[in-house]
>>> print(open('start.tsv').read())   # TSV, C-alpha atoms and all ligand atoms
chain	number	residue	atom	x	y	z
A	194	MET	CA	-12.35	-8.23	0.16
A	195	ALA	CA	-14.83	-8.98	2.95
A	196	LYS	CA	-15.12	-6.13	5.40
A	197	SER	CA	-16.25	-6.87	8.93
A	198	PRO	CA	-19.97	-6.18	9.25
A	199	GLY	CA	-20.70	-2.57	9.95
A	200	ALA	CA	-17.08	-1.52	9.46
A	201	GLU	CA	-16.90	2.10	8.44
A	202	PRO	CA	-14.72	2.83	5.44
A	203	ILE	CA	-11.57	4.57	6.58
A	204	PRO	CA	-11.42	8.06	5.09
A	205	ALA	CA	-8.61	9.04	2.75
A	206	LEU	CA	-5.66	10.57	4.56
A	207	ASP	CA	-6.00	14.30	4.91
A	208	THR	CA	-3.01	16.55	4.36
A	209	LYS	CA	-2.26	16.69	8.07
A	210	SER	CA	-2.21	12.92	8.56
A	211	ARG	CA	-0.13	12.47	5.41
A	212	ALA	CA	2.36	15.00	6.77
A	213	ALA	CA	2.35	13.29	10.19
A	214	LEU	CA	3.50	10.03	8.61
A	215	GLU	CA	6.53	11.80	7.23
A	216	ARG	CA	7.78	12.32	10.75
A	217	PHE	CA	8.58	8.59	10.86
A	218	VAL	CA	9.68	8.25	7.29
A	219	SER	CA	11.47	11.24	5.81
A	220	ARG	CA	14.61	10.96	7.91
A	221	TYR	CA	15.10	7.34	6.82
A	222	ARG	CA	14.25	7.72	3.14
A	223	VAL	CA	17.22	7.80	0.77
A	224	THR	CA	16.48	8.91	-2.77
A	225	ARG	CA	19.96	10.06	-3.76
A	226	GLY	CA	22.87	7.82	-3.06
A	227	LYS	CA	25.61	10.38	-3.41
A	228	GLY	CA	27.33	10.87	-0.07
A	229	PHE	CA	25.22	8.21	1.67
A	230	ARG	CA	26.92	6.80	4.75
A	231	LEU	CA	25.44	4.04	6.82
A	232	ARG	CA	27.08	5.36	9.93
A	233	ASP	CA	24.92	8.48	9.76
A	234	PHE	CA	21.98	6.20	10.61
A	235	ASP	CA	21.57	4.91	14.14
A	236	PRO	CA	19.95	1.45	14.48
A	237	ARG	CA	18.64	2.47	17.92
A	238	ASP	CA	16.93	5.63	16.72
A	239	THR	CA	13.23	6.04	17.58
A	240	ALA	CA	12.69	9.56	16.18
A	241	GLY	CA	12.62	10.90	19.72
A	242	LEU	CA	9.81	8.58	20.83
A	243	LYS	CA	10.23	6.99	24.22
A	244	SER	CA	9.18	3.42	24.89
A	245	GLU	CA	6.00	4.78	26.55
A	246	TYR	CA	4.88	5.45	22.99
A	247	LYS	CA	4.76	1.69	22.27
A	248	PRO	CA	0.98	1.29	22.83
A	249	ALA	CA	0.28	4.29	20.57
A	250	ALA	CA	2.62	2.80	17.96
A	251	ARG	CA	0.69	-0.45	18.13
A	252	GLU	CA	-2.56	1.45	17.64
A	253	SER	CA	-1.11	3.30	14.61
A	254	LEU	CA	-0.03	-0.03	13.20
A	255	ARG	CA	-3.53	-1.42	13.66
A	256	ARG	CA	-5.03	1.53	11.82
A	257	GLY	CA	-2.41	1.23	9.10
A	258	VAL	CA	-3.25	-2.44	8.62
A	259	ALA	CA	-6.96	-1.61	8.17
A	260	TRP	CA	-6.19	1.27	5.81
A	261	LEU	CA	-3.90	-0.90	3.73
A	262	ALA	CA	-6.54	-3.62	3.43
A	263	GLN	CA	-8.94	-1.04	2.04
A	264	GLU	CA	-6.44	0.46	-0.39
A	265	GLN	CA	-5.42	-2.97	-1.60
A	266	GLU	CA	-8.96	-3.56	-2.73
A	267	LYS	CA	-8.80	-0.38	-4.82
A	268	LEU	CA	-5.39	-1.38	-6.15
A	269	TYR	CA	-6.87	-4.68	-7.27
A	270	ALA	CA	-10.06	-3.17	-8.70
A	271	GLN	CA	-8.17	-0.48	-10.58
A	272	ASP	CA	-5.69	-3.00	-11.97
A	273	ARG	CA	-3.13	-0.41	-13.06
A	274	TRP	CA	-0.38	-0.23	-10.46
A	275	ALA	CA	1.68	-3.03	-8.90
A	276	VAL	CA	3.54	-2.63	-5.60
A	277	LEU	CA	6.91	-4.26	-4.92
A	278	LEU	CA	8.22	-4.17	-1.36
A	279	VAL	CA	11.80	-5.35	-1.00
A	280	PHE	CA	13.12	-6.37	2.43
A	281	GLN	CA	16.83	-6.74	3.10
A	282	ALA	CA	18.61	-7.15	6.41
A	283	MET	CA	21.20	-9.01	8.40
A	284	ASP	CA	19.90	-12.11	10.19
A	285	ALA	CA	17.59	-11.54	13.17
A	286	ALA	CA	16.77	-7.98	12.13
A	287	GLY	CA	13.09	-8.89	12.07
A	288	LYS	CA	12.20	-9.16	8.38
A	289	ASP	CA	9.74	-11.98	8.91
A	290	GLY	CA	7.96	-10.40	11.87
A	291	THR	CA	7.73	-7.03	10.15
A	292	ILE	CA	6.26	-8.54	7.00
A	293	ARG	CA	3.80	-10.55	9.08
A	294	HIS	CA	2.62	-7.56	11.08
A	295	VAL	CA	2.44	-5.03	8.31
A	296	MET	CA	0.65	-7.27	5.83
A	297	SER	CA	-1.58	-8.98	8.38
A	298	GLY	CA	-4.82	-7.39	7.16
A	299	VAL	CA	-4.45	-7.62	3.42
A	300	ASN	CA	-6.30	-10.09	1.27
A	301	PRO	CA	-3.92	-13.01	0.61
A	302	GLN	CA	-5.25	-13.23	-2.94
A	303	GLY	CA	-3.77	-9.87	-3.83
A	304	CYS	CA	-0.49	-10.30	-2.07
A	305	LEU	CA	2.44	-12.64	-2.59
A	306	VAL	CA	5.49	-13.03	-0.36
A	307	THR	CA	8.54	-14.67	-1.92
A	308	SER	CA	11.58	-15.64	0.17
A	309	PHE	CA	14.80	-15.95	-1.76
A	310	LYS	CA	17.37	-18.45	-0.50
A	311	GLN	CA	20.41	-19.98	-2.19
A	312	PRO	CA	19.69	-20.32	-5.91
A	313	SER	CA	18.90	-23.71	-7.43
A	314	ALA	CA	20.85	-25.33	-10.28
A	315	GLU	CA	18.17	-24.21	-12.72
A	316	GLU	CA	18.33	-20.65	-11.45
A	317	LEU	CA	22.12	-20.61	-11.73
A	318	ASP	CA	21.73	-21.54	-15.38
A	319	HIS	CA	20.09	-18.17	-16.06
A	320	ASP	CA	21.02	-14.52	-15.83
A	321	TYR	CA	20.88	-13.43	-12.21
A	322	LEU	CA	17.69	-11.34	-12.39
A	323	TRP	CA	15.74	-14.21	-13.93
A	324	ARG	CA	14.56	-15.86	-10.74
A	325	TYR	CA	13.45	-12.56	-9.20
A	326	SER	CA	11.59	-11.40	-12.31
A	327	ARG	CA	9.44	-14.51	-12.24
A	328	HIS	CA	7.96	-13.44	-8.91
A	329	LEU	CA	7.24	-9.79	-9.67
A	330	PRO	CA	3.72	-8.69	-8.74
A	331	GLY	CA	1.20	-8.23	-11.51
A	332	ARG	CA	-0.97	-5.13	-11.79
A	333	GLY	CA	-3.31	-4.87	-8.84
A	334	GLN	CA	-1.00	-6.96	-6.65
A	335	ILE	CA	1.40	-6.37	-3.79
A	336	GLY	CA	4.59	-8.42	-4.06
A	337	ILE	CA	6.94	-8.78	-1.14
A	338	PHE	CA	10.50	-9.91	-1.60
A	339	ASN	CA	11.95	-11.36	1.59
A	340	ARG	CA	15.56	-10.93	0.37
A	341	SER	CA	15.85	-10.04	-3.27
A	342	TYR	CA	18.14	-9.37	-6.23
A	343	TYR	CA	20.16	-7.25	-3.79
A	344	GLU	CA	21.63	-10.51	-2.48
A	345	GLU	CA	23.52	-10.53	-5.79
A	346	VAL	CA	25.59	-7.56	-4.59
A	347	LEU	CA	25.58	-8.50	-0.89
A	348	VAL	CA	26.08	-12.19	-0.07
A	349	VAL	CA	27.57	-12.89	-3.50
A	350	ARG	CA	29.98	-9.99	-3.11
A	351	THR	CA	30.93	-11.04	0.41
A	352	HIS	CA	31.59	-14.64	-0.68
A	353	PRO	CA	33.44	-14.67	-4.02
A	354	ALA	CA	32.93	-18.47	-4.33
A	355	LEU	CA	29.22	-17.78	-4.89
A	356	LEU	CA	30.05	-15.69	-7.93
A	357	GLY	CA	32.12	-18.61	-9.22
A	358	ALA	CA	29.04	-20.84	-8.91
A	359	GLN	CA	27.11	-18.51	-11.23
A	360	LYS	CA	28.99	-19.91	-14.25
A	361	LEU	CA	29.57	-16.58	-15.95
A	362	PRO	CA	32.02	-16.52	-18.86
A	363	ALA	CA	35.37	-15.62	-17.25
A	364	GLN	CA	35.85	-12.35	-19.15
A	365	LEU	CA	32.53	-11.06	-17.78
A	366	ALA	CA	33.31	-11.74	-14.13
A	367	GLY	CA	36.06	-9.20	-13.65
A	368	LYS	CA	36.59	-6.31	-11.26
A	369	ARG	CA	33.87	-4.17	-12.80
A	370	ILE	CA	31.17	-6.67	-12.05
A	371	TRP	CA	29.72	-4.95	-8.95
A	372	LYS	CA	29.50	-1.60	-10.66
A	373	GLU	CA	27.83	-3.31	-13.59
A	374	ARG	CA	25.36	-5.07	-11.31
A	375	PHE	CA	24.45	-1.79	-9.65
A	376	GLU	CA	23.79	-0.36	-13.10
A	377	ASP	CA	21.68	-3.40	-14.04
A	378	ILE	CA	19.66	-3.21	-10.84
A	379	ALA	CA	19.13	0.55	-11.09
A	380	ALA	CA	18.07	0.19	-14.73
A	381	HIS	CA	15.77	-2.69	-13.84
A	382	GLU	CA	14.05	-0.64	-11.14
A	383	ARG	CA	13.69	2.34	-13.43
A	384	TYR	CA	12.12	0.02	-15.98
A	385	LEU	CA	9.70	-1.32	-13.35
A	386	ALA	CA	8.79	2.19	-12.23
A	387	ARG	CA	8.12	3.21	-15.82
A	388	ASN	CA	5.80	0.23	-16.13
A	389	GLY	CA	3.65	1.14	-13.16
A	390	VAL	CA	5.40	-0.79	-10.39
A	391	LEU	CA	5.78	1.15	-7.16
A	392	VAL	CA	9.13	0.01	-5.76
A	393	LEU	CA	10.02	0.51	-2.09
A	394	LYS	CA	13.18	-0.99	-0.60
A	395	PHE	CA	13.61	-1.52	3.12
A	396	PHE	CA	16.93	-2.11	4.79
A	397	LEU	CA	16.24	-3.09	8.39
A	398	HIS	CA	19.31	-1.62	10.00
A	399	LEU	CA	20.30	-3.67	13.04
A	400	SER	CA	23.29	-3.08	15.30
A	401	ARG	CA	25.81	-5.82	15.79
A	402	GLY	CA	25.21	-5.79	19.55
A	403	GLU	CA	21.47	-6.22	19.15
A	404	GLN	CA	22.00	-9.10	16.73
A	405	ARG	CA	24.16	-10.82	19.36
A	406	ARG	CA	21.47	-10.27	21.98
A	407	ARG	CA	18.79	-11.75	19.72
A	408	PHE	CA	20.93	-14.77	18.82
A	409	LEU	CA	21.56	-15.44	22.51
A	410	GLU	CA	17.85	-15.13	23.19
A	411	ARG	CA	17.18	-17.73	20.51
A	412	LEU	CA	19.64	-20.06	22.20
A	413	ASP	CA	18.00	-19.49	25.57
A	414	THR	CA	14.42	-20.05	24.40
A	415	PRO	CA	13.44	-23.60	23.33
A	416	GLU	CA	10.60	-22.27	21.13
A	417	LYS	CA	13.14	-20.24	19.20
A	418	HIS	CA	15.72	-22.99	18.70
A	419	TRP	CA	14.35	-23.79	15.26
A	420	LYS	CA	15.29	-20.28	14.18
A	421	PHE	CA	18.88	-20.75	15.16
A	422	SER	CA	21.35	-21.59	12.45
A	423	ALA	CA	25.10	-22.03	12.78
A	424	ALA	CA	25.40	-20.35	9.37
A	425	ASP	CA	24.03	-17.14	10.92
A	426	ILE	CA	26.96	-17.08	13.35
A	427	ARG	CA	29.38	-17.59	10.46
A	428	GLU	CA	27.83	-14.72	8.49
A	429	ARG	CA	28.11	-12.50	11.54
A	430	GLU	CA	31.88	-12.85	11.28
A	431	HIS	CA	31.65	-10.95	7.98
A	432	TRP	CA	29.68	-8.12	9.54
A	433	ASP	CA	31.88	-5.24	8.34
A	434	ARG	CA	32.01	-6.51	4.79
A	435	TYR	CA	28.25	-6.81	4.71
A	436	GLN	CA	27.82	-3.27	6.05
A	437	GLU	CA	30.15	-1.95	3.35
A	438	ALA	CA	28.29	-3.90	0.71
A	439	TYR	CA	24.95	-2.51	1.94
A	440	GLU	CA	26.31	1.01	1.95
A	441	ASP	CA	27.65	0.68	-1.57
A	442	ALA	CA	24.42	-0.90	-2.83
A	443	ILE	CA	22.30	1.88	-1.35
A	444	ARG	CA	24.64	4.54	-2.75
A	445	HIS	CA	24.28	3.16	-6.25
A	446	THR	CA	20.61	2.31	-6.33
A	447	ALA	CA	18.75	4.93	-4.27
A	448	ALA	CA	16.41	6.87	-6.52
A	449	GLU	CA	13.31	9.01	-6.32
A	450	HIS	CA	11.34	6.31	-8.14
A	451	ALA	CA	12.86	3.46	-6.06
A	452	PRO	CA	13.82	4.84	-2.66
A	453	TRP	CA	15.66	3.00	0.08
A	454	LEU	CA	14.32	3.21	3.61
A	455	VAL	CA	17.08	2.69	6.11
A	456	VAL	CA	14.91	1.63	9.03
A	457	PRO	CA	16.31	1.48	12.57
A	458	ALA	CA	15.87	-2.14	13.61
A	459	ASP	CA	17.00	-2.37	17.23
A	460	ASN	CA	13.45	-1.67	18.47
A	461	LYS	CA	10.91	-3.85	16.75
A	462	TRP	CA	7.89	-1.68	17.58
A	463	PHE	CA	9.60	1.27	15.92
A	464	THR	CA	10.74	-0.73	12.88
A	465	ARG	CA	7.15	-1.75	12.20
A	466	LEU	CA	5.87	1.79	12.65
A	467	VAL	CA	8.37	3.17	10.13
A	468	VAL	CA	7.76	0.42	7.57
A	469	MET	CA	3.98	0.80	7.85
A	470	SER	CA	4.17	4.60	7.61
A	471	ALA	CA	6.35	4.40	4.50
A	472	ILE	CA	4.02	1.96	2.77
A	473	VAL	CA	0.86	3.88	3.68
A	474	GLY	CA	2.41	7.18	2.55
A	475	ALA	CA	3.61	5.83	-0.79
A	476	ILE	CA	0.34	4.05	-1.58
A	477	HIS	CA	-1.63	7.13	-0.56
A	478	ASP	CA	0.36	9.14	-3.08
A	479	LEU	CA	-0.82	6.83	-5.87
A	480	ARG	CA	-4.33	8.29	-5.27
A	481	LEU	CA	-5.99	4.96	-5.98
A	482	GLU	CA	-9.63	5.00	-6.92
A	483	TYR	CA	-12.22	2.43	-7.81
A	484	PRO	CA	-12.65	2.34	-11.57
A	485	ARG	CA	-15.38	4.61	-12.85
A	486	LEU	CA	-17.99	2.99	-15.02
A	487	ASP	CA	-18.81	4.41	-18.40
A	488	ASP	CA	-22.41	4.82	-19.55
A	489	ARG	CA	-22.56	1.42	-21.18
A	490	GLN	CA	-21.26	-0.36	-18.09
A	491	ARG	CA	-23.76	1.53	-15.94
A	492	GLU	CA	-26.56	0.50	-18.27
A	493	ALA	CA	-25.44	-3.13	-17.98
A	494	LEU	CA	-25.66	-2.89	-14.17
A	495	GLU	CA	-29.15	-1.42	-14.40
A	496	ALA	CA	-30.18	-4.21	-16.78
A	497	ALA	CA	-28.85	-6.78	-14.32
A	498	ARG	CA	-30.79	-5.14	-11.49
A	499	ALA	CA	-33.99	-5.15	-13.56
A	500	GLN	CA	-33.51	-8.82	-14.42
A	501	LEU	CA	-33.00	-9.81	-10.77
A	502	GLN	CA	-35.97	-7.76	-9.62
A	503	ALA	CA	-38.23	-9.22	-12.29
A	504	ARG	CA	-37.86	-12.69	-10.77
A	505	PRO	CA	-38.12	-12.28	-7.03
A	506	GLY	CA	-37.75	-15.18	-4.57
A	507	GLY	CA	-36.00	-17.55	-6.98
A	508	LYS	CA	-34.26	-20.28	-5.02
A	509	ARG	CA	-32.14	-21.73	-7.77
B	1	LIG	P1	15.16	-16.77	8.26
B	1	LIG	O1	16.51	-17.07	8.78
B	1	LIG	O2	14.42	-15.74	9.06
B	1	LIG	O3	14.34	-17.98	7.96
B	1	LIG	P2	16.54	-15.97	5.87
B	1	LIG	O4	16.13	-15.04	4.79
B	1	LIG	O5	17.77	-15.63	6.64
B	1	LIG	O6	15.30	-16.04	6.83
B	1	LIG	P3	17.74	-18.52	5.45
B	1	LIG	O7	17.25	-19.78	4.84
B	1	LIG	O8	18.24	-18.51	6.84
B	1	LIG	O9	16.59	-17.41	5.27
B	1	LIG	O10	18.90	-17.93	4.57
B	1	LIG	C1	18.82	-17.77	3.19
B	1	LIG	C2	20.23	-17.57	2.71
B	1	LIG	O11	20.23	-17.56	1.29
B	1	LIG	C3	20.83	-16.28	3.18
B	1	LIG	O12	22.05	-16.51	3.81
B	1	LIG	C4	21.04	-15.51	1.90
B	1	LIG	O13	22.16	-14.68	1.93
B	1	LIG	C5	21.18	-16.64	0.89
B	1	LIG	N1	20.94	-16.20	-0.46
B	1	LIG	C6	19.91	-15.47	-0.92
B	1	LIG	N2	20.09	-15.17	-2.22
B	1	LIG	C7	21.26	-15.71	-2.60
B	1	LIG	C8	21.99	-15.73	-3.79
B	1	LIG	N3	21.53	-15.14	-4.90
B	1	LIG	N4	23.16	-16.39	-3.81
B	1	LIG	C9	23.61	-17.01	-2.71
B	1	LIG	N5	22.98	-17.01	-1.54
B	1	LIG	C10	21.81	-16.37	-1.47
B	2	MG	MG	18.51	-16.87	8.23
>>> encode(input="start.tsv", output="structure tokens", more="lines below")
Ligand code: ATP
Ligand code: MG
Amino acid sequence: MAKSPGAEPIPALDTKSRAALERFVSRYRVTRGKGFRLRDFDPRDTAGLKSEYKPAARESLRRGVAWLAQEQEKLYAQDRWAVLLVFQAMDAAGKDGTIRHVMSGVNPQGCLVTSFKQPSAEELDHDYLWRYSRHLPGRGQIGIFNRSYYEEVLVVRTHPALLGAQKLPAQLAGKRIWKERFEDIAAHERYLARNGVLVLKFFLHLSRGEQRRRFLERLDTPEKHWKFSAADIREREHWDRYQEAYEDAIRHTAAEHAPWLVVPADNKWFTRLVVMSAIVGAIHDLRLEYPRLDDRQREALEAARAQLQARPGGKR
């Protein structure tokens, strides 16, 4: 990736900076679902930071963006790990803005955002993980799922008619189906982790009151009218069922190798800080390095140098 001229490489995080990131991450990271309760997490939480901290948070975000750009180049060069970032949230929680801010510095060639909406007829003709698997990041890439296979235990669970549309054989669509889907998803993520995919799952946890405020703001601001959808208001009516579905999904799928981050989403500046800190911390822990050349590869580079130097000034 092109670096701006004269830009100094950003040093690897030292132990102190790595530990400092945890301040914004550890309390929101869920790696064991047992006993998880959504109501233990406050959407308004800012880890004790007052809004005066906003400019400093912005500066941290800027540094995180630059660091991530640099690490992405190593990820790509090394070509071993893939990174999958899953974003789930109720409407207006700020998924789009968070993705835009956090990924703003990375090379678009190594990063792919996929937004999952209602499935097409072709997608409904396949097993439910099919459409998501097709968009998984390859080695060296960062894949972002804006909504994901979790919709299969969220919106589909909240609206039973959607399950009907999935054309499953009747005897397979019984009461056990949600438990089975949790098992499938957990197994799928374990499989990905074992294949070198770093999986991080973000639930942007918005309060119902803040969602109302943001919807009203959309209605009051002509530039935001395009974002308004009557369907969002209808979904809001199912708020409690969605929250239960989220809680159950997190309980059944939180794991050390595929953690959930339950990120407070009522304050956008804080949401972005937590998401960035979690991504930087997890990628740091991969200890990415540029590939080391073996003797033969080094000799090939020297030969190339000799060849170029032997014919100076060539214009063609
Ligand atoms: P934004 O509103 O910011 O553009 P969005 O993710 O809400 O982003 P929409 O087009 O508004 O995008 O909504 C997509 C809809 O598709 C959501 O209501 C979501 O629940 C639904 N959806 C996603 N996956 C599935 C699925 N597997 N089955 C049925 N509906 C789904
Ligand atoms: Mg929407």
>>> atom_distance(input="start.tsv", atom1="atom CA of Gln334 of chain A", atom2="atom CA of Glu495 of chain A")
29.7 Å
>>> residues_near_ligand(input="start.tsv", ligand="ligand LIG 1 (chain B)", cutoff="9 Å", atoms="only C-alpha atoms and all ligand atoms", output="number ranges by chain")
A: 281-290, 308-312, 317, 321, 339-349, 352, 355-356, 358-359, 420-422, 424-425, 428
>>> atom_distance(input="start.tsv", atom1="atom CA of Val218 of chain A", atom2="atom CA of Phe234 of chain A")
12.9 Å
>>> closest_residue(input="start.tsv", among="A:Ala497, A:Ala363, A:Ile426, A:Leu322", to="ligand MG 2 (chain B)", atoms="all atoms listed in the file")
A:Ile426
>>> atom_distance(input="start.tsv", atom1="atom CA of Val468 of chain A", atom2="atom CA of Gly226 of chain A")
19.9 Å
>>> residues_around(input="start.tsv", residues="Val456 of chain A", least_positions_apart="3", cutoff="12 Å", atoms="all atoms listed in the file", output="number ranges by chain")
A: 217-223, 231, 234-240, 280-282, 286-288, 291, 394-400, 453, 459-471
>>> closest_atom_pairs(input="start.tsv", of="segment 456-504 of chain A", to="segment 258-261 of chain A", cutoff="9 Å", atoms="all atoms listed in the file", output="JSON lines")
{"residue": "A:Met469", "atom": "CA", "partner": "A:Val258", "partner_atom": "CA", "distance": 8.0}
{"residue": "A:Ile472", "atom": "CA", "partner": "A:Leu261", "partner_atom": "CA", "distance": 8.5}
{"residue": "A:Val473", "atom": "CA", "partner": "A:Leu261", "partner_atom": "CA", "distance": 6.7}
{"residue": "A:Ile476", "atom": "CA", "partner": "A:Leu261", "partner_atom": "CA", "distance": 8.4}
>>> closest_residue(input="start.tsv", among="A:Arg293, A:Arg504, A:Arg429, A:Arg489", to="ligand MG 2 (chain B)", atoms="only C-alpha atoms and all ligand atoms")
A:Arg429
>>> closest_residue(input="start.tsv", among="A:Ala423, A:Ala458, A:Ala475, A:Ala270", to="ligand MG 2 (chain B)", atoms="only C-alpha atoms and all ligand atoms")
A:Ala423
>>> residues_around(input="start.tsv", residues="segment 298-307 of chain A", least_positions_apart="2", cutoff="10 Å", atoms="all atoms listed in the file", output="JSON, numbers by chain")
{"A": [194, 195, 255, 257, 258, 259, 260, 261, 262, 263, 264, 265, 266, 268, 269, 276, 277, 278, 279, 292, 293, 294, 295, 296, 309, 310, 325, 328, 329, 330, 331, 332, 333, 334, 335, 336, 337, 338, 339, 340, 341]}
>>> closest_residue(input="start.tsv", among="A:Arg350, A:Ala496, A:Gly228, A:Val392", to="Ala438 of chain A", atoms="only C-alpha atoms")
A:Arg350
>>> closest_residue(input="start.tsv", among="A:Ile370, A:Arg211, A:Ile378, A:Phe408", to="ligand MG 2 (chain B)", atoms="all atoms listed in the file")
A:Phe408
